[in-house]
>>> print(open('run.cif').read())   # mmCIF, N, CA and C atoms
data_protein
loop_
_atom_site.label_atom_id
_atom_site.label_comp_id
_atom_site.auth_asym_id
_atom_site.auth_seq_id
_atom_site.Cartn_x
_atom_site.Cartn_y
_atom_site.Cartn_z
N MET V 228 114.15 146.76 80.61
CA MET V 228 114.21 145.65 79.68
C MET V 228 113.88 146.18 78.29
N HIS V 229 114.60 145.70 77.33
CA HIS V 229 114.41 146.12 75.95
C HIS V 229 113.00 145.72 75.49
N PRO V 230 112.27 146.61 74.80
CA PRO V 230 110.89 146.31 74.37
C PRO V 230 110.79 145.08 73.48
N LEU V 231 111.77 144.85 72.61
CA LEU V 231 111.72 143.69 71.74
C LEU V 231 111.86 142.40 72.53
N LEU V 232 112.75 142.40 73.54
CA LEU V 232 112.95 141.24 74.39
C LEU V 232 111.68 140.95 75.19
N LEU V 233 111.08 141.98 75.74
CA LEU V 233 109.84 141.82 76.50
C LEU V 233 108.73 141.26 75.59
N SER V 234 108.64 141.76 74.38
CA SER V 234 107.64 141.29 73.43
C SER V 234 107.85 139.81 73.09
N THR V 235 109.10 139.40 72.91
CA THR V 235 109.42 138.01 72.59
C THR V 235 109.05 137.10 73.76
N ILE V 236 109.37 137.50 74.97
CA ILE V 236 109.04 136.70 76.15
C ILE V 236 107.53 136.54 76.27
N LEU V 237 106.80 137.61 76.11
CA LEU V 237 105.34 137.55 76.20
C LEU V 237 104.75 136.67 75.10
N THR V 238 105.28 136.77 73.90
CA THR V 238 104.79 135.95 72.79
C THR V 238 105.02 134.47 73.07
N LEU V 239 106.21 134.12 73.55
CA LEU V 239 106.51 132.72 73.86
C LEU V 239 105.63 132.21 74.98
N ALA V 240 105.43 133.02 76.00
CA ALA V 240 104.61 132.60 77.13
C ALA V 240 103.16 132.39 76.70
N CYS V 241 102.64 133.26 75.87
CA CYS V 241 101.25 133.15 75.43
C CYS V 241 101.04 132.03 74.41
N SER V 242 102.07 131.68 73.68
CA SER V 242 101.92 130.66 72.64
C SER V 242 102.10 129.24 73.17
N GLY V 243 102.34 129.12 74.47
CA GLY V 243 102.51 127.79 75.04
C GLY V 243 103.89 127.23 74.84
N ALA V 244 104.88 128.05 74.60
CA ALA V 244 106.25 127.57 74.39
C ALA V 244 106.92 127.20 75.71
N ALA V 245 106.24 127.48 76.81
CA ALA V 245 106.80 127.12 78.11
C ALA V 245 106.82 125.59 78.21
N PRO V 246 107.75 125.04 78.99
CA PRO V 246 107.83 123.59 79.12
C PRO V 246 106.50 123.01 79.60
N THR V 247 106.08 121.92 79.00
CA THR V 247 104.86 121.27 79.42
C THR V 247 105.19 119.92 80.03
N THR V 248 104.27 119.44 80.83
CA THR V 248 104.45 118.14 81.45
C THR V 248 103.73 117.11 80.61
N SER V 249 104.46 116.11 80.15
CA SER V 249 103.82 115.05 79.37
C SER V 249 103.45 113.90 80.30
N GLU V 250 102.65 113.01 79.79
CA GLU V 250 102.18 111.87 80.57
C GLU V 250 102.55 110.58 79.85
N VAL V 251 103.05 109.62 80.60
CA VAL V 251 103.39 108.31 80.07
C VAL V 251 102.47 107.30 80.75
N VAL V 252 101.76 106.52 79.96
CA VAL V 252 100.78 105.56 80.50
C VAL V 252 101.19 104.15 80.10
N ASP V 253 101.16 103.25 81.08
CA ASP V 253 101.46 101.84 80.85
C ASP V 253 100.34 100.98 81.40
N GLN V 254 100.22 99.78 80.86
CA GLN V 254 99.25 98.78 81.34
C GLN V 254 100.04 97.54 81.72
N VAL V 255 99.85 97.06 82.95
CA VAL V 255 100.46 95.82 83.40
C VAL V 255 99.35 94.90 83.92
N ASP V 256 99.70 93.66 84.21
CA ASP V 256 98.70 92.72 84.69
C ASP V 256 98.52 92.76 86.20
N LEU V 257 99.58 93.13 86.93
CA LEU V 257 99.53 93.12 88.39
C LEU V 257 100.47 94.18 88.95
N ILE V 258 100.01 94.90 89.96
CA ILE V 258 100.86 95.80 90.73
C ILE V 258 100.93 95.24 92.15
N GLU V 259 102.15 95.03 92.62
CA GLU V 259 102.36 94.59 94.00
C GLU V 259 102.88 95.76 94.81
N VAL V 260 102.22 96.02 95.94
CA VAL V 260 102.72 96.99 96.90
C VAL V 260 103.46 96.15 97.94
N ASN V 261 104.78 96.24 97.94
CA ASN V 261 105.60 95.40 98.80
C ASN V 261 106.24 96.24 99.90
N HIS V 262 106.08 95.77 101.14
CA HIS V 262 106.71 96.40 102.30
C HIS V 262 107.82 95.45 102.75
N LEU V 263 109.05 95.87 102.56
CA LEU V 263 110.21 95.02 102.83
C LEU V 263 110.77 95.30 104.22
N TYR V 264 111.01 94.23 104.99
CA TYR V 264 111.56 94.31 106.33
C TYR V 264 112.83 93.48 106.39
N ASP V 265 113.76 93.86 107.26
CA ASP V 265 114.97 93.05 107.40
C ASP V 265 114.70 91.88 108.35
N GLN V 266 115.72 91.07 108.60
CA GLN V 266 115.55 89.87 109.41
C GLN V 266 115.24 90.16 110.88
N HIS V 267 115.40 91.43 111.29
CA HIS V 267 115.09 91.83 112.67
C HIS V 267 113.73 92.52 112.76
N GLY V 268 113.00 92.55 111.64
CA GLY V 268 111.67 93.15 111.64
C GLY V 268 111.65 94.65 111.46
N ARG V 269 112.80 95.23 111.09
CA ARG V 269 112.86 96.68 110.85
C ARG V 269 112.48 96.97 109.41
N HIS V 270 111.68 98.01 109.25
CA HIS V 270 111.22 98.41 107.92
C HIS V 270 112.40 98.89 107.08
N VAL V 271 112.49 98.42 105.84
CA VAL V 271 113.58 98.80 104.94
C VAL V 271 113.04 99.75 103.86
N ILE V 272 112.11 99.27 103.02
CA ILE V 272 111.54 100.11 101.96
C ILE V 272 110.10 99.67 101.68
N ASP V 273 109.38 100.56 101.01
CA ASP V 273 108.10 100.24 100.39
C ASP V 273 108.32 100.42 98.90
N GLN V 274 107.80 99.48 98.12
CA GLN V 274 108.04 99.53 96.67
C GLN V 274 106.81 99.07 95.90
N LEU V 275 106.73 99.55 94.68
CA LEU V 275 105.72 99.08 93.73
C LEU V 275 106.44 98.17 92.75
N ILE V 276 105.91 96.96 92.57
CA ILE V 276 106.49 96.03 91.62
C ILE V 276 105.42 95.77 90.56
N PHE V 277 105.81 95.94 89.30
CA PHE V 277 104.89 95.81 88.18
C PHE V 277 105.16 94.50 87.45
N TYR V 278 104.10 93.71 87.26
CA TYR V 278 104.21 92.39 86.66
C TYR V 278 103.37 92.26 85.40
N ASP V 279 103.83 91.42 84.48
CA ASP V 279 103.05 90.97 83.33
C ASP V 279 102.91 89.46 83.44
N TRP V 280 101.76 88.96 83.03
CA TRP V 280 101.55 87.51 83.02
C TRP V 280 102.25 86.90 81.82
N ASP V 281 103.02 85.86 82.06
CA ASP V 281 103.69 85.13 80.98
C ASP V 281 103.01 83.78 80.85
N SER V 282 102.25 83.61 79.78
CA SER V 282 101.50 82.37 79.60
C SER V 282 102.42 81.18 79.33
N ALA V 283 103.60 81.41 78.78
CA ALA V 283 104.53 80.31 78.51
C ALA V 283 105.02 79.67 79.81
N THR V 284 105.35 80.50 80.80
CA THR V 284 105.84 79.97 82.08
C THR V 284 104.72 79.86 83.12
N ARG V 285 103.56 80.41 82.76
CA ARG V 285 102.38 80.38 83.63
C ARG V 285 102.65 81.03 84.98
N ARG V 286 103.27 82.23 84.91
CA ARG V 286 103.56 82.98 86.13
C ARG V 286 103.70 84.45 85.81
N PHE V 287 103.57 85.26 86.84
CA PHE V 287 103.82 86.70 86.68
C PHE V 287 105.32 86.92 86.67
N GLN V 288 105.76 87.80 85.77
CA GLN V 288 107.18 88.15 85.71
C GLN V 288 107.31 89.65 85.92
N VAL V 289 108.32 90.03 86.67
CA VAL V 289 108.55 91.45 86.97
C VAL V 289 108.87 92.20 85.69
N ARG V 290 108.19 93.30 85.53
CA ARG V 290 108.46 94.19 84.39
C ARG V 290 109.32 95.37 84.85
N ALA V 291 108.99 95.91 86.02
CA ALA V 291 109.73 97.06 86.55
C ALA V 291 109.36 97.23 88.02
N TRP V 292 110.07 98.11 88.70
CA TRP V 292 109.74 98.44 90.08
C TRP V 292 110.09 99.90 90.33
N ARG V 293 109.45 100.48 91.32
CA ARG V 293 109.74 101.85 91.75
C ARG V 293 109.55 101.93 93.25
N LEU V 294 110.33 102.79 93.89
CA LEU V 294 110.12 103.05 95.31
C LEU V 294 108.76 103.72 95.50
N LEU V 295 108.08 103.34 96.56
CA LEU V 295 106.82 103.97 96.93
C LEU V 295 107.19 105.11 97.88
N LYS V 296 107.18 106.33 97.36
CA LYS V 296 107.70 107.47 98.12
C LYS V 296 106.62 108.24 98.87
N SER V 297 105.35 108.07 98.48
CA SER V 297 104.27 108.78 99.17
C SER V 297 102.98 108.00 99.05
N ASP V 298 102.04 108.29 99.92
CA ASP V 298 100.74 107.62 99.86
C ASP V 298 100.00 107.93 98.55
N ASP V 299 100.33 109.06 97.93
CA ASP V 299 99.69 109.42 96.66
C ASP V 299 100.00 108.41 95.56
N GLN V 300 101.10 107.67 95.69
CA GLN V 300 101.48 106.68 94.69
C GLN V 300 100.74 105.35 94.86
N HIS V 301 100.11 105.16 95.99
CA HIS V 301 99.45 103.89 96.27
C HIS V 301 98.36 103.65 95.22
N PRO V 302 98.34 102.45 94.61
CA PRO V 302 97.32 102.18 93.58
C PRO V 302 95.92 102.36 94.13
N ARG V 303 95.07 102.97 93.32
CA ARG V 303 93.69 103.22 93.70
C ARG V 303 92.76 102.65 92.63
N LYS V 304 91.58 102.27 93.08
CA LYS V 304 90.58 101.74 92.16
C LYS V 304 90.10 102.85 91.24
N SER V 305 90.12 102.60 89.95
CA SER V 305 89.57 103.52 88.95
C SER V 305 88.22 102.95 88.54
N TRP V 306 87.17 103.46 89.12
CA TRP V 306 85.83 102.91 88.88
C TRP V 306 85.40 102.98 87.43
N PRO V 307 85.64 104.08 86.72
CA PRO V 307 85.20 104.12 85.32
C PRO V 307 85.85 103.03 84.45
N GLN V 308 87.15 102.76 84.66
CA GLN V 308 87.85 101.75 83.86
C GLN V 308 87.75 100.35 84.48
N GLY V 309 87.45 100.29 85.76
CA GLY V 309 87.36 98.99 86.44
C GLY V 309 88.71 98.39 86.77
N ASP V 310 89.77 99.18 86.75
CA ASP V 310 91.10 98.67 87.08
C ASP V 310 91.69 99.49 88.22
N TYR V 311 92.97 99.31 88.46
CA TYR V 311 93.69 100.06 89.48
C TYR V 311 94.74 100.91 88.80
N VAL V 312 95.02 102.07 89.39
CA VAL V 312 95.99 102.97 88.77
C VAL V 312 96.87 103.61 89.84
N THR V 313 98.13 103.74 89.51
CA THR V 313 99.07 104.48 90.34
C THR V 313 99.68 105.58 89.49
N THR V 314 99.88 106.73 90.10
CA THR V 314 100.38 107.90 89.37
C THR V 314 101.48 108.56 90.20
N TRP V 315 102.54 108.98 89.53
CA TRP V 315 103.59 109.74 90.20
C TRP V 315 104.37 110.54 89.19
N ARG V 316 105.11 111.50 89.71
CA ARG V 316 105.97 112.33 88.88
C ARG V 316 107.31 111.62 88.74
N ASP V 317 107.73 111.39 87.51
CA ASP V 317 108.97 110.68 87.21
C ASP V 317 109.83 111.61 86.37
N GLN V 318 110.71 112.34 87.02
CA GLN V 318 111.52 113.39 86.40
C GLN V 318 110.60 114.44 85.79
N ASN V 319 110.59 114.58 84.47
CA ASN V 319 109.80 115.64 83.86
C ASN V 319 108.47 115.15 83.27
N VAL V 320 108.05 113.95 83.63
CA VAL V 320 106.77 113.43 83.14
C VAL V 320 105.91 112.94 84.29
N VAL V 321 104.63 112.85 84.03
CA VAL V 321 103.71 112.21 84.95
C VAL V 321 103.55 110.78 84.45
N ARG V 322 103.81 109.83 85.32
CA ARG V 322 103.73 108.42 84.93
C ARG V 322 102.47 107.83 85.56
N ARG V 323 101.72 107.10 84.73
CA ARG V 323 100.48 106.47 85.17
C ARG V 323 100.52 105.01 84.74
N VAL V 324 100.33 104.11 85.71
CA VAL V 324 100.35 102.68 85.41
C VAL V 324 99.02 102.07 85.85
N HIS V 325 98.37 101.38 84.91
CA HIS V 325 97.10 100.70 85.16
C HIS V 325 97.34 99.21 85.29
N ALA V 326 96.54 98.55 86.14
CA ALA V 326 96.61 97.10 86.30
C ALA V 326 95.22 96.55 86.61
N VAL V 327 95.01 95.32 86.19
CA VAL V 327 93.75 94.64 86.46
C VAL V 327 93.69 94.23 87.93
N GLN V 328 94.86 93.86 88.50
CA GLN V 328 94.91 93.37 89.87
C GLN V 328 95.98 94.10 90.67
N ILE V 329 95.77 94.12 91.98
CA ILE V 329 96.83 94.57 92.89
C ILE V 329 96.92 93.57 94.04
N ARG V 330 98.08 93.54 94.67
CA ARG V 330 98.24 92.78 95.90
C ARG V 330 99.20 93.55 96.79
N GLU V 331 99.08 93.34 98.09
CA GLU V 331 99.96 94.00 99.04
C GLU V 331 100.63 92.93 99.88
N THR V 332 101.95 93.02 99.99
CA THR V 332 102.72 92.01 100.71
C THR V 332 103.66 92.66 101.71
N TRP V 333 103.99 91.89 102.76
CA TRP V 333 104.96 92.29 103.77
C TRP V 333 105.96 91.15 103.82
N THR V 334 107.19 91.40 103.42
CA THR V 334 108.17 90.32 103.29
C THR V 334 109.50 90.67 103.95
N THR V 335 110.30 89.62 104.18
CA THR V 335 111.68 89.81 104.65
C THR V 335 112.66 89.49 103.52
N HIS V 336 112.15 89.28 102.33
CA HIS V 336 112.97 89.12 101.13
C HIS V 336 112.42 90.08 100.08
N ASP V 337 113.25 90.45 99.14
CA ASP V 337 112.83 91.39 98.09
C ASP V 337 112.38 90.57 96.88
N PRO V 338 111.06 90.57 96.59
CA PRO V 338 110.58 89.76 95.46
C PRO V 338 111.19 90.18 94.11
N GLU V 339 111.45 91.45 93.95
CA GLU V 339 112.02 91.93 92.69
C GLU V 339 113.45 91.41 92.52
N VAL V 340 114.23 91.41 93.58
CA VAL V 340 115.60 90.91 93.51
C VAL V 340 115.61 89.41 93.26
N ARG V 341 114.72 88.67 93.90
CA ARG V 341 114.64 87.22 93.66
C ARG V 341 114.27 86.91 92.22
N GLU V 342 113.43 87.75 91.64
CA GLU V 342 113.00 87.54 90.26
C GLU V 342 114.19 87.63 89.31
N ARG V 343 115.20 88.43 89.65
CA ARG V 343 116.38 88.58 88.79
C ARG V 343 117.10 87.25 88.56
N GLU V 344 116.99 86.33 89.53
CA GLU V 344 117.65 85.03 89.39
C GLU V 344 117.02 84.21 88.27
N MET V 345 115.70 84.39 88.05
CA MET V 345 115.00 83.62 87.02
C MET V 345 114.83 84.39 85.72
N TYR V 346 114.77 85.72 85.84
CA TYR V 346 114.45 86.56 84.68
C TYR V 346 115.31 87.82 84.78
N PRO V 347 116.50 87.82 84.18
CA PRO V 347 117.43 88.94 84.33
C PRO V 347 116.82 90.28 83.92
N MET V 348 117.27 91.33 84.56
CA MET V 348 116.74 92.68 84.30
C MET V 348 116.86 93.06 82.83
N GLU V 349 117.91 92.61 82.17
CA GLU V 349 118.13 92.95 80.76
C GLU V 349 117.03 92.41 79.85
N GLN V 350 116.32 91.38 80.31
CA GLN V 350 115.27 90.77 79.51
C GLN V 350 113.89 91.35 79.81
N ARG V 351 113.81 92.23 80.77
CA ARG V 351 112.52 92.82 81.13
C ARG V 351 112.05 93.83 80.09
N LEU V 352 110.75 93.89 79.95
CA LEU V 352 110.15 94.86 79.04
C LEU V 352 110.31 96.28 79.57
N ASN V 353 110.20 96.47 80.86
CA ASN V 353 110.29 97.75 81.56
C ASN V 353 109.08 98.62 81.24
N LEU V 354 109.02 99.78 81.85
CA LEU V 354 107.94 100.73 81.59
C LEU V 354 108.32 101.57 80.37
N SER V 355 107.32 102.17 79.75
CA SER V 355 107.56 102.98 78.55
C SER V 355 108.47 104.16 78.84
N GLN V 356 109.27 104.51 77.84
CA GLN V 356 110.13 105.67 77.94
C GLN V 356 109.39 106.89 77.41
N PRO V 357 109.53 108.04 78.07
CA PRO V 357 108.87 109.24 77.54
C PRO V 357 109.49 109.65 76.22
N LEU V 358 108.68 110.23 75.35
CA LEU V 358 109.19 110.75 74.09
C LEU V 358 110.03 111.98 74.35
N THR V 359 111.12 112.12 73.64
CA THR V 359 111.96 113.30 73.74
C THR V 359 111.35 114.40 72.90
N VAL V 360 111.32 115.61 73.45
CA VAL V 360 110.74 116.74 72.72
C VAL V 360 111.46 116.90 71.39
N GLY V 361 110.68 117.04 70.32
CA GLY V 361 111.27 117.24 69.00
C GLY V 361 111.58 115.95 68.27
N ARG V 362 111.35 114.80 68.92
CA ARG V 362 111.59 113.51 68.25
C ARG V 362 110.28 112.77 68.13
N PHE V 363 110.20 111.98 67.11
CA PHE V 363 109.01 111.19 66.88
C PHE V 363 109.40 109.73 66.84
N PRO V 364 108.47 108.83 67.24
CA PRO V 364 108.81 107.41 67.21
C PRO V 364 109.26 106.99 65.80
N GLY V 365 110.29 106.19 65.75
CA GLY V 365 110.77 105.68 64.48
C GLY V 365 111.76 106.59 63.78
N ARG V 366 111.96 107.79 64.29
CA ARG V 366 112.93 108.71 63.66
C ARG V 366 114.16 108.81 64.55
N ARG V 367 115.29 109.00 63.90
CA ARG V 367 116.55 109.15 64.67
C ARG V 367 117.17 110.49 64.38
#
>>> encode(input="run.cif", output="structure tokens")
Amino acid sequence: MHPLLLSTILTLACSGAAPTTSEVVDQVDLIEVNHLYDQHGRHVIDQLIFYDWDSATRRFQVRAWRLLKSDDQHPRKSWPQGDYVTTWRDQNVVRRVHAVQIRETWTTHDPEVREREMYPMEQRLNLSQPLTVGRFPGRR
């Protein structure tokens, strides 16, 4: 290997130019751990549904949902903050969602899909988007 190339690689590695993992943190009012079953009682999916309280309608409205792919994603009590938190890897970021409350349900209907009838997906706030490397909020 050419000495200049080796020197450049070492300099980049030591300076932290290697890709880093960023973290995206959101706060919601409620996390639902939903276990969905079909009409014959067969397990279909496990999902996390994230809700915000809407004082105008006086109900929780779905903000986003994600498949629950491992037990590591299950919301856990965060004693220092006094809330619940779920963490998972979402493409190239670590996503962390905090909530004041959690609930666990076992249903034969999908609560997130039913919510679409009252509150279309296009109107949802959704979870925060990770910042793109080299871009800053408000700049294009």
>>> residues_around(input="run.cif", residues="Asp279 in chain V", least_positions_apart="3", cutoff="6.5 Å", atoms="only N, CA and C atoms", output="VMD selection string")
chain V and resid 255 to 257 286 to 290
>>> atom_distance(input="run.cif", atom1="atom N of Arg323 in chain V", atom2="atom N of Asp281 in chain V")
21.4 Å
>>> resolve_selection(input="run.cif", expression="the PyMOL selection byres (((chain V and resi 353 and name CA) around 8) and name CA)", output="list in words")
Arg290, Ala291, Arg351, Leu352, Leu354 and Ser355 of chain V
>>> write_last_selection(input="run.cif", atoms="N, CA and C atoms", output="mmCIF file, keeping the file's coordinate frame")
data_model
loop_
_atom_site.group_PDB
_atom_site.id
_atom_site.type_symbol
_atom_site.label_atom_id
_atom_site.label_comp_id
_atom_site.auth_asym_id
_atom_site.auth_seq_id
_atom_site.Cartn_x
_atom_site.Cartn_y
_atom_site.Cartn_z
ATOM 1 N N ARG V 290 108.190 93.300 85.530
ATOM 2 C CA ARG V 290 108.460 94.190 84.390
ATOM 3 C C ARG V 290 109.320 95.370 84.850
ATOM 4 N N ALA V 291 108.990 95.910 86.020
ATOM 5 C CA ALA V 291 109.730 97.060 86.550
ATOM 6 C C ALA V 291 109.360 97.230 88.020
ATOM 7 N N ARG V 351 113.810 92.230 80.770
ATOM 8 C CA ARG V 351 112.520 92.820 81.130
ATOM 9 C C ARG V 351 112.050 93.830 80.090
ATOM 10 N N LEU V 352 110.750 93.890 79.950
ATOM 11 C CA LEU V 352 110.150 94.860 79.040
ATOM 12 C C LEU V 352 110.310 96.280 79.570
ATOM 13 N N LEU V 354 109.020 99.780 81.850
ATOM 14 C CA LEU V 354 107.940 100.730 81.590
ATOM 15 C C LEU V 354 108.320 101.570 80.370
ATOM 16 N N SER V 355 107.320 102.170 79.750
ATOM 17 C CA SER V 355 107.560 102.980 78.550
ATOM 18 C C SER V 355 108.470 104.160 78.840
#
>>> atom_distance(input="run.cif", atom1="atom C of Arg285 in chain V", atom2="atom N of Pro302 in chain V")
23.9 Å
>>> residues_around(input="run.cif", residues="range 258-274 of chain V", least_positions_apart="3", cutoff="7 Å", atoms="only N, CA and C atoms", output="list in words")
Val255, Phe277, Tyr278, Trp292, Arg293, Leu294, Leu295, Lys296, His325, Ala326, Val327, Gln328, Ile329, Arg330, Glu331, Thr332, Trp333, Thr334, Thr335, His336 and Asp337 of chain V
>>> atom_distance(input="run.cif", atom1="atom C of Tyr311 in chain V", atom2="atom C of Val324 in chain V")
5.3 Å
>>> select_by_dssp(input="run.cif", residues="range 298-338 of chain V", states="helix (DSSP H, G or I)", output="PDB file with N, CA and C atoms, in the coordinates of the input")
ATOM      1  N   ASP V 298     102.040 108.290  99.920  1.00  0.00           N
ATOM      2  CA  ASP V 298     100.740 107.620  99.860  1.00  0.00           C
ATOM      3  C   ASP V 298     100.000 107.930  98.550  1.00  0.00           C
ATOM      4  N   ASP V 299     100.330 109.060  97.930  1.00  0.00           N
ATOM      5  CA  ASP V 299      99.690 109.420  96.660  1.00  0.00           C
ATOM      6  C   ASP V 299     100.000 108.410  95.560  1.00  0.00           C
ATOM      7  N   GLN V 300     101.100 107.670  95.690  1.00  0.00           N
ATOM      8  CA  GLN V 300     101.480 106.680  94.690  1.00  0.00           C
ATOM      9  C   GLN V 300     100.740 105.350  94.860  1.00  0.00           C
ATOM     10  N   PRO V 338     111.060  90.570  96.590  1.00  0.00           N
ATOM     11  CA  PRO V 338     110.580  89.760  95.460  1.00  0.00           C
ATOM     12  C   PRO V 338     111.190  90.180  94.110  1.00  0.00           C
TER      13      PRO V 338
END
>>> closest_residue(input="run.cif", among="V:Ile276, V:Gln308, V:Gln350, V:Pro357", to="Val321 in chain V", atoms="only C-alpha atoms")
V:Pro357
>>> select_by_dssp(input="run.cif", residues="range 293-335 of chain V", states="strand (DSSP E)", output="list in words")
Arg293, Leu294, Arg303, Lys304, Ser305, Asp310, Tyr311, Val312, Thr313, Thr314, Trp315, Arg316, Asp317, Val320, Val321, Arg322, Arg323, Val324, His325, Ala326, Val327, Gln328, Ile329, Arg330, Glu331, Thr332, Trp333 and Thr334 of chain V
